[in-house]
Amino acid sequence: MDALDPARHGPSDLPDCAAFDRDQPWLRPLLSHCRDLWRSFEARHTHLRCERLFEIAPAELRSGAFDVGGGERFDATEMLCNHGFEAEARTRGGLFSASRTELSLQLGPLEAPLTLTGTLHGPDATGLWQLRDLDLSPGRLARDLDPDAPETLRHCLSDHTRCQD
């Protein structure tokens, strides 16, 4: 596992430590070692992904927070780097239109993830950032959710099944 490059490999490329979780006392050191290697790899993978994201996203976002409606906020670095949403950033536009940053977050189980993508706006007068023009793939955003409302981000992050039509 130490030989895997976290920039090219992800958690799905790692062995399943459960193979060592048998009721055999002699396997316990292997289970412990496997879990330690998993944690080490995940930390390196998360750090690299986060650094790559903030090379594209505005620098101020790193210390900012997202407006998720209802007077609540979600620390941007915590949400984008530490919550397992596999966040990605892209810059769109340019030559004939204003440049904008899009953020994508993976929701749901790894076997059938949904990708929530929105355009980054902010910070506003209160210092909060927003994701607007939210779109979901595969499928589409639930009809009762407003793609520009901060509450939509909160609903989708807390329950991905509520997010999809």
# chains A, B, ... in the order shown; residues from 1 in each chain; ligands from 1
>>> closest_atom_pairs(of="range 38-93 of chain A", to="range 135-152 of chain A", cutoff="9 Å", atoms="only C-alpha atoms", output="tab-separated table")
residue	atom	partner	partner_atom	distance
A:Phe66	CA	A:Pro150	CA	8.3
A:Asp67	CA	A:Pro150	CA	5.8
A:Val68	CA	A:Pro150	CA	4.5
A:Gly69	CA	A:Glu151	CA	4.5
A:Gly70	CA	A:Glu151	CA	7.1
>>> write_last_selection(atoms="N, CA and C atoms", output="mmCIF file, in the first residue's frame")
data_model
loop_
_atom_site.group_PDB
_atom_site.id
_atom_site.type_symbol
_atom_site.label_atom_id
_atom_site.label_comp_id
_atom_site.auth_asym_id
_atom_site.auth_seq_id
_atom_site.Cartn_x
_atom_site.Cartn_y
_atom_site.Cartn_z
ATOM 1 N N PHE A 66 -19.412 27.825 3.878
ATOM 2 C CA PHE A 66 -20.549 27.833 2.972
ATOM 3 C C PHE A 66 -21.820 28.145 3.733
ATOM 4 N N ASP A 67 -22.679 28.926 3.097
ATOM 5 C CA ASP A 67 -24.020 29.178 3.591
ATOM 6 C C ASP A 67 -24.853 27.964 3.210
ATOM 7 N N VAL A 68 -25.407 27.280 4.208
ATOM 8 C CA VAL A 68 -26.249 26.117 3.932
ATOM 9 C C VAL A 68 -27.687 26.357 4.384
ATOM 10 N N GLY A 69 -28.051 27.631 4.492
ATOM 11 C CA GLY A 69 -29.419 27.999 4.826
ATOM 12 C C GLY A 69 -29.732 27.877 6.302
ATOM 13 N N GLY A 70 -30.842 28.488 6.682
ATOM 14 C CA GLY A 70 -31.301 28.429 8.064
ATOM 15 C C GLY A 70 -30.331 29.034 9.057
#
>>> select_by_dssp(residues="chain A", states="strand (DSSP E)", output="ChimeraX atom specification")
/A:65-67,73-75,88-92,100-107,114-121,128-137
>>> write_last_selection(atoms="N, CA and C atoms", output="CSV table (one decimal), in the first residue's frame")
chain,number,residue,atom,x,y,z
A,65,ALA,N,-16.4,29.7,4.7
A,65,ALA,CA,-17.5,28.8,5.1
A,65,ALA,C,-18.6,28.9,4.0
A,66,PHE,N,-19.4,27.8,3.9
A,66,PHE,CA,-20.5,27.8,3.0
A,66,PHE,C,-21.8,28.1,3.7
A,67,ASP,N,-22.7,28.9,3.1
A,67,ASP,CA,-24.0,29.2,3.6
A,67,ASP,C,-24.9,28.0,3.2
A,73,ARG,N,-23.8,27.4,8.8
A,73,ARG,CA,-22.7,27.5,7.9
A,73,ARG,C,-21.9,26.2,8.0
A,74,PHE,N,-21.1,25.9,7.0
A,74,PHE,CA,-20.3,24.7,6.9
A,74,PHE,C,-18.9,25.1,6.5
A,75,ASP,N,-18.0,24.8,7.4
A,75,ASP,CA,-16.6,25.2,7.1
A,75,ASP,C,-16.2,24.6,5.7
A,88,GLU,N,-14.1,18.1,-6.2
A,88,GLU,CA,-13.2,18.5,-7.3
A,88,GLU,C,-13.6,20.0,-7.7
A,89,ALA,N,-12.6,20.7,-8.2
A,89,ALA,CA,-12.9,22.1,-8.7
A,89,ALA,C,-12.4,22.2,-10.1
A,90,ARG,N,-13.2,23.0,-10.9
A,90,ARG,CA,-12.8,23.3,-12.3
A,90,ARG,C,-13.1,24.8,-12.5
A,91,THR,N,-12.3,25.3,-13.4
A,91,THR,CA,-12.6,26.7,-13.9
A,91,THR,C,-13.2,26.7,-15.2
A,92,ARG,N,-14.3,27.4,-15.4
A,92,ARG,CA,-15.0,27.4,-16.7
A,92,ARG,C,-15.0,28.9,-17.2
A,100,ARG,N,-15.4,31.3,-14.1
A,100,ARG,CA,-16.2,30.9,-12.9
A,100,ARG,C,-15.6,29.6,-12.4
A,101,THR,N,-15.8,29.3,-11.1
A,101,THR,CA,-15.3,28.1,-10.5
A,101,THR,C,-16.5,27.2,-10.2
A,102,GLU,N,-16.4,25.9,-10.7
A,102,GLU,CA,-17.4,24.9,-10.4
A,102,GLU,C,-16.8,23.9,-9.4
A,103,LEU,N,-17.6,23.5,-8.5
A,103,LEU,CA,-17.3,22.5,-7.5
A,103,LEU,C,-18.2,21.3,-7.7
A,104,SER,N,-17.6,20.1,-7.6
A,104,SER,CA,-18.4,18.9,-7.7
A,104,SER,C,-18.1,18.1,-6.4
A,105,LEU,N,-19.2,17.5,-5.9
A,105,LEU,CA,-19.1,16.7,-4.7
A,105,LEU,C,-19.8,15.3,-5.0
A,106,GLN,N,-19.2,14.3,-4.5
A,106,GLN,CA,-19.7,12.9,-4.7
A,106,GLN,C,-20.6,12.6,-3.5
A,107,LEU,N,-21.9,12.3,-3.7
A,107,LEU,CA,-22.8,11.9,-2.7
A,107,LEU,C,-23.2,10.5,-2.8
A,114,LEU,N,-23.7,9.8,-6.7
A,114,LEU,CA,-24.3,10.9,-7.4
A,114,LEU,C,-23.3,12.1,-7.4
A,115,THR,N,-23.2,12.9,-8.4
A,115,THR,CA,-22.3,14.0,-8.4
A,115,THR,C,-23.2,15.3,-8.4
A,116,LEU,N,-23.0,16.1,-7.4
A,116,LEU,CA,-23.6,17.4,-7.2
A,116,LEU,C,-22.6,18.4,-7.6
A,117,THR,N,-23.0,19.2,-8.6
A,117,THR,CA,-22.1,20.2,-9.2
A,117,THR,C,-22.8,21.6,-9.1
A,118,GLY,N,-22.0,22.6,-8.7
A,118,GLY,CA,-22.5,23.9,-8.6
A,118,GLY,C,-21.5,25.0,-8.9
A,119,THR,N,-21.9,26.2,-9.2
A,119,THR,CA,-21.0,27.3,-9.4
A,119,THR,C,-20.8,28.0,-8.1
A,120,LEU,N,-19.5,28.3,-7.8
A,120,LEU,CA,-19.1,29.0,-6.6
A,120,LEU,C,-19.4,30.5,-6.7
A,121,HIS,N,-20.0,31.0,-5.7
A,121,HIS,CA,-20.3,32.5,-5.6
A,121,HIS,C,-19.8,32.9,-4.2
A,128,LEU,N,-19.8,34.6,3.7
A,128,LEU,CA,-20.1,33.2,3.4
A,128,LEU,C,-20.1,33.0,1.8
A,129,TRP,N,-19.8,31.8,1.5
A,129,TRP,CA,-19.8,31.4,0.1
A,129,TRP,C,-21.0,30.6,-0.2
A,130,GLN,N,-21.4,30.5,-1.5
A,130,GLN,CA,-22.6,29.7,-1.9
A,130,GLN,C,-22.3,28.9,-3.1
A,131,LEU,N,-22.9,27.8,-3.2
A,131,LEU,CA,-22.9,27.0,-4.4
A,131,LEU,C,-24.3,27.2,-5.1
A,132,ARG,N,-24.3,27.7,-6.3
A,132,ARG,CA,-25.6,28.0,-7.0
A,132,ARG,C,-25.6,27.2,-8.3
A,133,ASP,N,-26.7,27.3,-9.0
A,133,ASP,CA,-26.9,26.5,-10.2
A,133,ASP,C,-26.6,25.1,-10.0
A,134,LEU,N,-27.1,24.5,-8.9
A,134,LEU,CA,-26.8,23.1,-8.6
A,134,LEU,C,-27.4,22.2,-9.6
A,135,ASP,N,-26.6,21.2,-9.9
A,135,ASP,CA,-27.1,20.1,-10.9
A,135,ASP,C,-26.6,18.8,-10.3
A,136,LEU,N,-27.4,17.8,-10.7
A,136,LEU,CA,-27.1,16.4,-10.1
A,136,LEU,C,-27.0,15.5,-11.3
A,137,SER,N,-26.0,14.6,-11.2
A,137,SER,CA,-25.9,13.6,-12.3
A,137,SER,C,-25.4,12.3,-11.6
>>> atom_distance(atom1="CA of Cys34 in chain A", atom2="CA of Gly84 in chain A")
20.0 Å
>>> residues_around(residues="Pro6 in chain A", least_positions_apart="2", cutoff="10 Å", atoms="only C-alpha atoms", output="short mmCIF file (atom, residue, chain, number, x, y, z; two decimals) with C-alpha atoms, in the first residue's frame")
data_model
loop_
_atom_site.label_atom_id
_atom_site.label_comp_id
_atom_site.auth_asym_id
_atom_site.auth_seq_id
_atom_site.Cartn_x
_atom_site.Cartn_y
_atom_site.Cartn_z
CA MET A 1 0.00 0.00 0.00
CA ASP A 2 2.91 2.36 0.64
CA ALA A 3 3.91 1.97 -3.01
CA LEU A 4 0.54 3.26 -4.28
CA ARG A 8 -3.27 8.21 -9.21
CA HIS A 9 -4.92 5.69 -6.90
CA GLY A 10 -7.91 5.89 -4.62
CA PRO A 11 -9.33 3.89 -1.71
CA ASP A 13 -7.41 0.32 -5.13
CA PHE A 41 -2.95 6.25 2.53
CA GLU A 42 -6.29 8.01 3.10
CA ALA A 43 -4.54 10.92 4.83
CA ARG A 44 -2.07 11.32 1.94
CA HIS A 45 -4.87 10.96 -0.64
CA THR A 46 -7.06 13.53 1.15
CA HIS A 47 -4.18 15.99 1.51
CA LEU A 48 -3.26 15.77 -2.19
CA ARG A 49 -6.88 16.07 -3.34
#
>>> select_by_dssp(residues="range 105-165 of chain A", states="helix (DSSP H, G or I)", output="list in words")
Pro150, Glu151, Thr152, Leu153, Arg154, His155, Cys156, Leu157, Ser158, His160, Thr161, Arg162 and Cys163 of chain A
>>> closest_residue(among="A:Met79, A:Cys50, A:Leu110, A:Leu30", to="Arg154 in chain A", atoms="only C-alpha atoms")
A:Met79
>>> atom_distance(atom1="CA of Thr77 in chain A", atom2="CA of Arg62 in chain A")
5.5 Å
>>> closest_residue(among="A:Pro25, A:Gly127, A:Arg162, A:Leu157", to="Leu61 in chain A", atoms="only C-alpha atoms")
A:Gly127
